[in-house]
$ cat upload-v7.tsv   # TSV, C-alpha atoms
chain	number	residue	atom	x	y	z
K	1	MET	CA	276.79	209.13	118.07
K	2	ALA	CA	275.24	206.88	120.67
K	3	GLN	CA	273.79	208.44	123.80
K	4	ILE	CA	275.97	207.44	126.77
K	5	ARG	CA	275.02	208.39	130.32
K	6	TYR	CA	276.80	208.01	133.65
K	7	ASP	CA	276.21	208.10	137.40
K	8	SER	CA	275.76	211.87	137.41
K	9	ASP	CA	272.83	211.51	134.98
K	10	ALA	CA	270.95	209.01	137.17
K	11	ASP	CA	268.87	209.42	140.35
K	12	LEU	CA	269.47	206.41	142.58
K	13	ASP	CA	266.52	207.36	144.79
K	14	LEU	CA	264.10	206.33	142.03
K	15	ILE	CA	265.04	202.66	142.23
K	16	ARG	CA	265.39	202.87	146.02
K	17	SER	CA	261.74	203.93	146.19
K	18	LYS	CA	260.60	200.69	144.53
K	19	THR	CA	260.31	197.07	145.58
K	20	ILE	CA	262.25	195.00	143.05
K	21	ALA	CA	261.73	191.32	142.32
K	22	ILE	CA	264.76	189.68	140.73
K	23	ILE	CA	263.51	186.51	139.03
K	24	GLY	CA	266.40	184.07	138.98
K	25	PHE	CA	269.64	183.90	140.95
K	26	GLY	CA	272.06	182.66	138.31
K	27	SER	CA	274.95	184.53	136.69
K	28	GLN	CA	273.11	187.83	136.14
K	29	GLY	CA	270.48	187.35	138.82
K	30	HIS	CA	272.86	187.12	141.75
K	31	ALA	CA	274.85	190.14	140.53
K	32	HIS	CA	271.82	192.37	140.01
K	33	ALA	CA	270.26	191.39	143.34
K	34	LEU	CA	273.41	191.83	145.41
K	35	ASN	CA	274.52	195.06	143.72
K	36	LEU	CA	271.07	196.64	144.08
K	37	HIS	CA	270.89	195.48	147.70
K	38	ASP	CA	274.27	197.08	148.38
K	39	SER	CA	272.99	200.27	146.69
K	40	GLY	CA	270.16	200.49	149.21
K	41	ALA	CA	267.31	199.09	147.12
K	42	ASN	CA	264.54	196.85	148.49
K	43	ILE	CA	265.19	193.46	146.86
K	44	ILE	CA	263.18	190.25	146.72
K	45	VAL	CA	264.53	187.21	144.90
K	46	GLY	CA	261.86	185.16	143.17
K	47	LEU	CA	262.68	181.47	142.75
K	48	ARG	CA	260.79	178.35	141.75
K	49	GLU	CA	259.93	175.89	144.48
K	50	GLY	CA	262.87	173.64	145.32
K	51	SER	CA	265.47	175.91	143.74
K	52	ALA	CA	269.02	175.16	144.84
K	53	SER	CA	269.71	178.91	144.72
K	54	LYS	CA	267.42	179.66	147.66
K	55	ALA	CA	270.05	178.85	150.29
K	56	LYS	CA	272.65	180.97	148.47
K	57	ALA	CA	270.37	183.98	148.24
K	58	GLU	CA	269.30	183.74	151.87
K	59	ALA	CA	272.91	183.28	153.00
K	60	ALA	CA	273.68	186.56	151.22
K	61	GLY	CA	271.02	188.29	153.32
K	62	LEU	CA	268.35	188.51	150.64
K	63	LYS	CA	264.63	187.85	151.02
K	64	VAL	CA	263.42	184.91	148.94
K	65	LEU	CA	259.84	184.25	147.87
K	66	SER	CA	258.16	182.08	145.27
K	67	ILE	CA	258.01	183.76	141.87
K	68	PRO	CA	254.27	184.57	142.06
K	69	GLU	CA	254.63	185.98	145.59
K	70	ALA	CA	257.65	188.06	144.60
K	71	CYS	CA	255.84	189.49	141.57
K	72	LYS	CA	252.71	190.25	143.62
K	73	THR	CA	254.79	192.12	146.21
K	74	ALA	CA	257.05	194.04	143.83
K	75	ASN	CA	256.36	196.94	141.50
K	76	VAL	CA	259.54	196.38	139.48
K	77	ILE	CA	260.18	192.89	138.10
K	78	MET	CA	263.49	191.98	136.44
K	79	LEU	CA	263.18	188.67	134.57
K	80	LEU	CA	266.60	187.00	134.50
K	81	ALA	CA	265.70	183.39	133.77
K	82	PRO	CA	267.05	181.82	130.53
K	83	ASP	CA	265.37	183.12	127.37
K	84	THR	CA	263.66	179.81	126.59
K	85	ARG	CA	262.05	179.60	130.03
K	86	GLN	CA	260.86	183.18	130.23
K	87	PRO	CA	257.56	182.86	128.30
K	88	GLN	CA	256.28	180.07	130.57
K	89	ILE	CA	257.37	181.93	133.72
K	90	TYR	CA	255.72	185.09	132.45
K	91	GLU	CA	252.38	183.47	131.61
K	92	ARG	CA	252.19	181.33	134.74
K	93	ASP	CA	253.74	183.47	137.46
K	94	ILE	CA	254.17	187.09	136.35
K	95	ALA	CA	251.19	188.09	134.20
K	96	PRO	CA	248.53	187.22	136.84
K	97	ASN	CA	250.35	189.43	139.35
K	98	LEU	CA	251.00	192.54	137.24
K	99	GLU	CA	249.26	195.78	138.11
K	100	ALA	CA	248.92	199.02	136.16
K	101	GLY	CA	252.02	201.16	136.71
K	102	ASP	CA	254.37	198.22	137.32
K	103	THR	CA	257.67	197.88	135.48
K	104	LEU	CA	258.77	194.69	133.73
K	105	MET	CA	262.48	194.59	132.94
K	106	PHE	CA	264.76	192.34	130.90
K	107	ALA	CA	268.51	191.96	130.41
K	108	HIS	CA	268.09	190.68	126.85
K	109	GLY	CA	265.41	191.61	124.34
K	110	PHE	CA	264.78	188.18	122.79
K	111	ASN	CA	261.25	187.50	124.02
K	112	ILE	CA	259.95	191.03	123.47
K	113	ARG	CA	261.61	191.27	120.05
K	114	TYR	CA	260.11	188.00	118.83
K	115	GLY	CA	256.74	188.40	120.51
K	116	THR	CA	256.85	185.37	122.79
K	117	ILE	CA	256.00	187.67	125.70
K	118	THR	CA	253.30	190.33	125.18
K	119	PRO	CA	252.70	192.37	128.34
K	120	PRO	CA	249.70	194.65	128.86
K	121	ALA	CA	249.78	198.27	127.70
K	122	ASP	CA	249.53	199.81	131.18
K	123	ILE	CA	253.01	198.85	132.42
K	124	ASP	CA	256.52	200.01	131.58
K	125	ILE	CA	258.77	197.59	129.69
K	126	SER	CA	262.49	198.33	129.81
K	127	MET	CA	265.87	196.66	129.51
K	128	ILE	CA	269.21	196.99	131.27
K	129	ALA	CA	271.73	194.65	129.65
K	130	PRO	CA	275.24	194.60	131.17
K	131	LYS	CA	277.85	193.85	128.51
K	132	GLY	CA	279.58	191.20	130.56
K	133	PRO	CA	278.83	188.04	132.57
K	134	GLY	CA	277.27	188.31	135.99
K	135	HIS	CA	280.42	187.53	137.94
K	136	ARG	CA	282.12	190.52	136.28
K	137	VAL	CA	279.12	192.72	137.07
K	138	ARG	CA	279.51	191.75	140.72
K	139	GLU	CA	283.32	191.87	140.88
K	140	THR	CA	283.64	195.28	139.25
K	141	PHE	CA	280.88	196.72	141.44
K	142	GLN	CA	282.65	195.54	144.59
K	143	ALA	CA	285.86	197.08	143.28
K	144	GLY	CA	284.15	200.46	142.84
K	145	ALA	CA	283.80	200.23	139.07
K	146	GLY	CA	281.19	198.74	136.75
K	147	VAL	CA	280.38	197.00	133.48
K	148	PRO	CA	278.99	199.10	130.60
K	149	SER	CA	275.28	198.48	130.07
K	150	LEU	CA	272.66	198.94	127.38
K	151	LEU	CA	269.33	200.65	128.12
K	152	ALA	CA	266.19	200.28	126.03
K	153	ILE	CA	262.55	201.27	126.49
K	154	HIS	CA	259.91	199.20	124.73
K	155	GLN	CA	256.89	200.68	126.44
K	156	ASP	CA	256.64	203.85	128.55
K	157	ALA	CA	253.21	203.83	130.17
K	158	SER	CA	254.28	205.94	133.16
K	159	GLY	CA	256.41	208.54	131.42
K	160	GLN	CA	259.23	207.60	133.81
K	161	ALA	CA	260.48	204.37	132.24
K	162	ASP	CA	263.78	205.82	131.04
K	163	ALA	CA	264.61	207.55	134.32
K	164	LEU	CA	263.80	204.42	136.35
K	165	ALA	CA	265.83	202.15	134.06
K	166	LEU	CA	268.79	204.53	134.32
K	167	SER	CA	268.43	204.50	138.10
K	168	TYR	CA	268.45	200.69	138.01
K	169	ALA	CA	271.63	200.79	135.90
K	170	LYS	CA	273.23	203.02	138.51
K	171	GLY	CA	272.16	200.60	141.22
K	172	ILE	CA	274.00	197.67	139.63
K	173	GLY	CA	277.09	199.78	138.82
K	174	GLY	CA	276.54	200.05	135.08
K	175	ALA	CA	276.36	203.85	135.06
K	176	ARG	CA	279.89	204.00	136.50
K	177	ALA	CA	281.15	202.64	133.18
K	178	GLY	CA	278.49	204.13	130.89
K	179	VAL	CA	274.91	203.32	129.85
K	180	ILE	CA	274.29	203.29	126.10
K	181	THR	CA	270.78	203.92	124.79
K	182	THR	CA	269.52	201.35	122.28
K	183	THR	CA	266.30	199.54	121.35
K	184	PHE	CA	265.06	196.04	122.05
K	185	GLU	CA	265.41	195.27	118.34
K	186	GLU	CA	268.98	196.54	118.03
K	187	GLU	CA	270.18	194.84	121.21
K	188	THR	CA	268.64	191.48	120.30
K	189	GLU	CA	269.71	191.41	116.67
K	190	THR	CA	273.29	192.59	117.25
K	191	ASP	CA	273.72	190.33	120.28
K	192	LEU	CA	272.59	187.22	118.40
K	193	PHE	CA	274.68	188.14	115.37
K	194	GLY	CA	277.81	188.74	117.44
K	195	GLU	CA	277.42	185.40	119.22
K	196	GLN	CA	276.81	183.42	116.05
K	197	ALA	CA	279.09	185.06	113.50
K	198	VAL	CA	282.07	186.22	115.57
K	199	LEU	CA	282.31	185.59	119.30
K	200	CYS	CA	281.09	182.01	119.62
K	201	GLY	CA	280.18	180.40	116.30
K	202	GLY	CA	282.79	182.18	114.18
K	203	ALA	CA	285.63	181.90	116.68
K	204	SER	CA	284.89	178.25	117.54
K	205	GLU	CA	284.83	177.14	113.92
K	206	LEU	CA	287.98	179.14	113.10
K	207	VAL	CA	289.86	177.49	115.99
K	208	LYS	CA	288.63	174.01	115.01
K	209	ALA	CA	289.49	174.50	111.33
K	210	GLY	CA	292.99	175.76	112.14
K	211	PHE	CA	293.68	172.90	114.56
K	212	GLU	CA	292.40	170.27	112.11
K	213	THR	CA	294.38	171.75	109.20
K	214	LEU	CA	297.65	171.47	111.12
K	215	VAL	CA	296.96	167.99	112.50
K	216	GLU	CA	295.87	166.67	109.11
K	217	ALA	CA	299.13	168.04	107.69
K	218	GLY	CA	301.10	165.92	110.17
K	219	TYR	CA	301.90	168.42	112.90
K	220	GLN	CA	301.68	167.44	116.56
K	221	PRO	CA	298.21	168.06	118.07
K	222	GLU	CA	299.76	169.71	121.12
K	223	ILE	CA	301.58	172.26	118.95
K	224	ALA	CA	298.41	172.86	116.93
K	225	TYR	CA	296.47	173.46	120.15
K	226	PHE	CA	298.88	176.12	121.33
K	227	GLU	CA	298.97	177.90	117.97
K	228	CYS	CA	295.23	177.87	117.25
K	229	LEU	CA	293.52	178.04	120.67
K	230	HIS	CA	295.80	178.73	123.64
K	231	GLU	CA	297.45	181.84	122.18
K	232	LEU	CA	294.12	183.28	121.08
K	233	LYS	CA	293.70	184.74	124.57
K	234	LEU	CA	296.89	186.75	124.19
K	235	ILE	CA	295.62	188.32	120.97
K	236	VAL	CA	292.12	189.00	122.28
K	237	ASP	CA	293.52	190.61	125.45
K	238	LEU	CA	295.56	192.99	123.29
K	239	MET	CA	292.49	193.85	121.19
K	240	TYR	CA	290.46	194.37	124.36
K	241	ARG	CA	292.99	196.85	125.70
K	242	GLY	CA	293.64	198.86	122.55
K	243	GLY	CA	291.77	197.60	119.51
K	244	LEU	CA	293.28	196.09	116.39
K	245	SER	CA	295.96	198.78	116.15
K	246	TYR	CA	297.35	198.02	119.62
K	247	MET	CA	297.30	194.30	118.92
K	248	ARG	CA	299.26	194.84	115.71
K	249	TYR	CA	301.68	197.16	117.49
K	250	SER	CA	302.33	194.51	120.13
K	251	ILE	CA	303.01	191.50	117.87
K	252	SER	CA	306.00	190.89	115.61
K	253	ASP	CA	306.25	192.52	112.19
K	254	THR	CA	306.10	189.07	110.65
K	255	ALA	CA	302.82	188.33	112.43
K	256	GLU	CA	301.43	191.72	111.44
K	257	TYR	CA	302.38	191.19	107.79
K	258	GLY	CA	300.72	187.76	107.88
K	259	ASP	CA	297.62	189.41	109.34
K	260	TYR	CA	297.37	191.76	106.37
K	261	VAL	CA	298.09	189.29	103.57
K	262	SER	CA	296.29	186.20	104.87
K	263	GLY	CA	293.42	187.40	107.04
K	264	ARG	CA	291.33	188.41	104.04
K	265	ARG	CA	291.92	185.04	102.41
K	266	ILE	CA	290.17	183.43	105.38
K	267	ILE	CA	287.47	186.04	106.01
K	268	ASN	CA	286.65	186.74	102.37
K	269	ASP	CA	283.58	187.99	100.51
K	270	GLY	CA	282.02	184.52	100.75
K	271	VAL	CA	282.27	184.59	104.54
K	272	LYS	CA	280.77	188.07	104.64
K	273	ASP	CA	277.91	186.86	102.42
K	274	GLU	CA	277.22	184.14	105.00
K	275	MET	CA	277.31	186.74	107.76
K	276	ARG	CA	274.67	188.75	105.90
K	277	ALA	CA	272.57	185.59	105.58
K	278	ILE	CA	272.89	184.92	109.31
K	279	LEU	CA	271.82	188.47	110.08
K	280	ALA	CA	268.86	188.10	107.72
K	281	ASP	CA	267.75	184.94	109.59
K	282	ILE	CA	267.97	186.84	112.88
K	283	LYS	CA	266.05	189.87	111.61
K	284	SER	CA	263.33	187.77	109.97
K	285	GLY	CA	262.78	185.67	113.09
K	286	SER	CA	263.85	182.46	111.34
K	287	PHE	CA	266.61	181.74	113.85
K	288	ALA	CA	264.29	182.40	116.80
K	289	GLU	CA	261.62	180.09	115.35
K	290	LYS	CA	264.15	177.27	114.94
K	291	TRP	CA	265.54	177.73	118.46
K	292	ILE	CA	262.09	177.83	120.03
K	293	ALA	CA	261.06	174.70	118.08
K	294	GLU	CA	264.27	172.93	119.15
K	295	ASN	CA	263.43	173.57	122.80
K	296	GLN	CA	259.83	172.50	122.38
K	297	ALA	CA	261.09	169.21	120.88
K	298	GLY	CA	263.34	168.56	123.89
K	299	ARG	CA	266.62	169.82	122.34
K	300	PRO	CA	267.60	166.67	120.41
K	301	SER	CA	269.90	168.41	117.94
K	302	PHE	CA	271.31	170.81	120.54
K	303	ASP	CA	272.17	168.06	123.02
K	304	GLY	CA	273.58	165.77	120.35
K	305	THR	CA	275.83	168.50	118.97
K	306	ARG	CA	276.98	169.52	122.44
K	307	SER	CA	277.99	165.91	123.18
K	308	ALA	CA	279.81	165.45	119.88
K	309	GLU	CA	281.70	168.73	120.22
K	310	SER	CA	282.91	167.83	123.70
K	311	ASP	CA	284.54	164.68	122.27
K	312	LEU	CA	286.68	166.47	119.66
K	313	GLU	CA	290.41	165.76	119.61
K	314	LEU	CA	290.97	169.49	120.14
K	315	GLU	CA	289.13	169.28	123.46
K	316	ALA	CA	290.92	166.12	124.60
K	317	VAL	CA	294.33	167.63	123.84
K	318	GLY	CA	293.37	170.85	125.59
K	319	ARG	CA	292.25	169.11	128.77
K	320	LYS	CA	295.56	167.25	128.95
K	321	LEU	CA	297.67	170.35	128.37
K	322	ARG	CA	295.76	172.56	130.81
K	323	GLU	CA	296.44	170.04	133.57
K	324	MET	CA	300.15	170.63	132.92
K	325	MET	CA	299.84	174.42	133.21
K	326	PRO	CA	299.30	175.47	136.85
K	327	PHE	CA	299.10	179.12	135.79
K	328	VAL	CA	295.88	178.38	133.89
K	329	GLU	CA	292.75	178.36	136.03
K	330	ALA	CA	291.38	175.29	134.32
K	331	ALA	CA	287.60	174.89	134.13
K	332	HIS	CA	285.38	172.16	132.79
K	333	PRO	CA	281.64	172.17	132.16
K	334	PRO	CA	279.59	169.96	134.47
K	335	LYS	CA	278.59	166.58	133.10
K	336	ALA	CA	275.02	166.26	131.92
K	337	ALA	CA	272.65	164.71	134.44
$ encode --input "upload-v7.tsv" --output "C-alpha cells"
Amino acid sequence: MAQIRYDSDADLDLIRSKTIAIIGFGSQGHAHALNLHDSGANIIVGLREGSASKAKAEAAGLKVLSIPEACKTANVIMLLAPDTRQPQIYERDIAPNLEAGDTLMFAHGFNIRYGTITPPADIDISMIAPKGPGHRVRETFQAGAGVPSLLAIHQDASGQADALALSYAKGIGGARAGVITTTFEEETETDLFGEQAVLCGGASELVKAGFETLVEAGYQPEIAYFECLHELKLIVDLMYRGGLSYMRYSISDTAEYGDYVSGRRIINDGVKDEMRAILADIKSGSFAEKWIAENQAGRPSFDGTRSAESDLELEAVGRKLREMMPFVEAAHPPKAA
C-alpha cells in the first residue's frame, strides 16, 4: 500500500521558517505562492524581466524579484516554469545562487528523471506534485479543502528533506486531501504515460475516430459530436465520483451491455501492446530525447500538428454547438502570436 499522510503528520512551522522562491506565476505558480502566503510562509515570486505576471503577483500582495535575486534570497526554491524552459533557467539563474543546505523543489520530475538538471550534492531535491491544475489547487484551498499531492525525495543532504516537503504540501493544502509518497522516476513515467496513452493522446484519438466513423457513415456531424465528445463529460464525471462500477450503475442496461461486449473490441491486445511500447519509450528516455530535440529545433512538428488539429471538422462543429449552449462555459485557446 502507498504511504499517504495528512495535515496531522506535517509541521507547518518548518516551511514557515524558510524563505521560499516560487519561480513562475502561471497555473501552478500562482496557486503555490498564494496558498503558502495564506499559510503564513515568507514568499518571493521570481520572474523574468518584463514578465506580464509581475503586476498580477504584486496586486495579490506578493513580493516580486528577478529570478536570480529571488534564488539568492531564498533557501527553498520551487521551480514551476514549463519543463522545457527549466534547464536554461536552472543553469543561468538558479545554479549560481545555490548554497549548501538549500532546497530545490519541483512539481514534476521530468528534468531530474532525464538528467537535464543536475544539482550539486549538498542541497535537498524534493517534489510536491498536486494532482490537479493550479486553479483547482487554489480554489479548493480557499474552500478549506485541498488537492491530493505526490511527494518524492531525490536527494536528502540535510536529513530533513521529507519533513520539509511534507510541510510545504500542508502549506498549499495538499495534506488536507492526502500526500502520497512516490519517487521522481515513478511520478514522471506514470504521468507521461497517463497523458499519452489515456488522458490526452488516447482520449483525443478515440473521440476523433468515433466522430469520423459516424460522419463517414452519413450521420450528421452535430449528432456525432454529441455522441462522441459532448457526452464524454457525463461519463467521466460518474467515473470520477465512483469509479467504473458507479458509472455502470448510473447508465442504462443497454449502455452497460455495450460497454462489456464492445469495449474490448476497441481497446484490444493490439492497443495494449502499443501502450507497452509507449511506456518503454518513456522509461528508456526516447520520448524525452525527441521532445527536447523538437524544442531545440523550434517546435516545427509540434506547431504544425497543433494548427492542423485546430482545423478539424470536429472542432468547427463543436465551436458552433457550444455557442448555442449557454449552460456550457465555453473556452477557446488563444490564437498564436
$ closest_residue --input "upload-v7.tsv" --among "K:Lys290, K:His154, K:Lys320, K:Lys54" --to "Thr182 (chain K)" --atoms "only C-alpha atoms"
K:His154
$ closest_atom_pairs --input "upload-v7.tsv" --of "region 172-245 of chain K" --to "region 35-51 of chain K" --cutoff "12 Å" --atoms "all atoms listed in the file" --output "Markdown table"
| residue | atom | partner | partner_atom | distance |
| --- | --- | --- | --- | --- |
| K:Ile172 | CA | K:Asn35 | CA | 4.9 |
| K:Gly173 | CA | K:Asn35 | CA | 7.3 |
| K:Gly174 | CA | K:Asn35 | CA | 10.2 |
$ write_last_selection --input "upload-v7.tsv" --atoms "C-alpha atoms" --output "PDB file, keeping the file's coordinate frame"
ATOM      1  CA  ILE K 172     274.000 197.670 139.630  1.00  0.00           C
ATOM      2  CA  GLY K 173     277.090 199.780 138.820  1.00  0.00           C
ATOM      3  CA  GLY K 174     276.540 200.050 135.080  1.00  0.00           C
TER       4      GLY K 174
END
$ closest_atom_pairs --input "upload-v7.tsv" --of "region 160-239 of chain K" --to "region 313-317 of chain K" --cutoff "7 Å" --atoms "all atoms listed in the file" --output "Markdown table"
| residue | atom | partner | partner_atom | distance |
| --- | --- | --- | --- | --- |
| K:Pro221 | CA | K:Val317 | CA | 7.0 |
| K:Glu222 | CA | K:Val317 | CA | 6.4 |
| K:Tyr225 | CA | K:Leu314 | CA | 6.8 |
$ closest_atom_pairs --input "upload-v7.tsv" --of "region 86-161 of chain K" --to "region 15-25 of chain K" --cutoff "12 Å" --atoms "only C-alpha atoms" --output "tab-separated table"
residue	atom	partner	partner_atom	distance
K:Gln86	CA	K:Ile23	CA	9.8
K:Ile89	CA	K:Ile23	CA	9.3
K:Tyr90	CA	K:Ile23	CA	10.3
K:Asp93	CA	K:Ile23	CA	10.4
K:Ile94	CA	K:Ile23	CA	9.7
K:Asn97	CA	K:Ala21	CA	11.9
K:Leu98	CA	K:Ala21	CA	11.9
K:Gly101	CA	K:Lys18	CA	11.6
K:Asp102	CA	K:Lys18	CA	9.8
K:Thr103	CA	K:Ile20	CA	9.3
K:Leu104	CA	K:Ala21	CA	9.7
K:Met105	CA	K:Ile22	CA	9.5
K:Phe106	CA	K:Ile23	CA	10.1
K:Ala107	CA	K:Ile22	CA	11.2
K:Gly134	CA	K:Phe25	CA	10.1
K:His135	CA	K:Phe25	CA	11.8
K:Gln160	CA	K:Ile15	CA	11.4
K:Ala161	CA	K:Ile15	CA	11.1
$ residues_around --input "upload-v7.tsv" --residues "region 295-308 of chain K" --least-positions-apart "3" --cutoff "12 Å" --atoms "only C-alpha atoms" --output "MDAnalysis selection string"
chainID K and resid 82:85 88 288:292 311:315 333 335:337
$ closest_residue --input "upload-v7.tsv" --among "K:Gly243, K:Glu91, K:Ser286, K:Asp7" --to "Ala145 (chain K)" --atoms "all atoms listed in the file"
K:Asp7
$ atom_distance --input "upload-v7.tsv" --atom1 "CA of Gly29 (chain K)" --atom2 "CA of Leu80 (chain K)"
5.8 Å
$ atom_distance --input "upload-v7.tsv" --atom1 "CA of Gly258 (chain K)" --atom2 "CA of Leu244 (chain K)"
14.0 Å
$ residues_around --input "upload-v7.tsv" --residues "Thr188 (chain K)" --least-positions-apart "2" --cutoff "6 Å" --atoms "only C-alpha atoms" --output "ChimeraX atom specification"
/K:109-110,185-186,190-191
$ closest_residue --input "upload-v7.tsv" --among "K:Val137, K:Asn111, K:Glu99, K:Ile77" --to "Phe184 (chain K)" --atoms "only C-alpha atoms"
K:Asn111
$ residues_around --input "upload-v7.tsv" --residues "Leu192 (chain K)" --least-positions-apart "5" --cutoff "12 Å" --atoms "only C-alpha atoms" --output "list in words"
His108, Gly109, Phe110, Arg113, Glu185, Glu186, Glu187, Ala197, Val198, Leu199, Cys200, Gly201, Met275, Ile278, Leu279, Ala280, Asp281, Ile282, Lys283, Gly285, Phe287, Ala288 and Trp291 of chain K
$ closest_residue --input "upload-v7.tsv" --among "K:Ala175, K:Ala255, K:Ala209, K:Cys71" --to "Pro96 (chain K)" --atoms "all atoms listed in the file"
K:Cys71
$ atom_distance --input "upload-v7.tsv" --atom1 "CA of Ala33 (chain K)" --atom2 "CA of Val64 (chain K)"
11.0 Å
$ closest_residue --input "upload-v7.tsv" --among "K:Glu189, K:Glu205, K:Asp124, K:Glu227" --to "Ser284 (chain K)" --atoms "only C-alpha atoms"
K:Glu189
$ residues_around --input "upload-v7.tsv" --residues "Ala121 (chain K)" --least-positions-apart "2" --cutoff "10 Å" --atoms "only C-alpha atoms" --output "ChimeraX atom specification"
/K:100-101,118-119,123-125,155-157
$ residues_around --input "upload-v7.tsv" --residues "Ala2 (chain K)" --least-positions-apart "3" --cutoff "12 Å" --atoms "all atoms listed in the file" --output "ChimeraX atom specification"
/K:5,150-151,178-183
$ closest_residue --input "upload-v7.tsv" --among "K:Ala81, K:Phe211, K:Met127, K:Leu34" --to "Lys56 (chain K)" --atoms "all atoms listed in the file"
K:Leu34
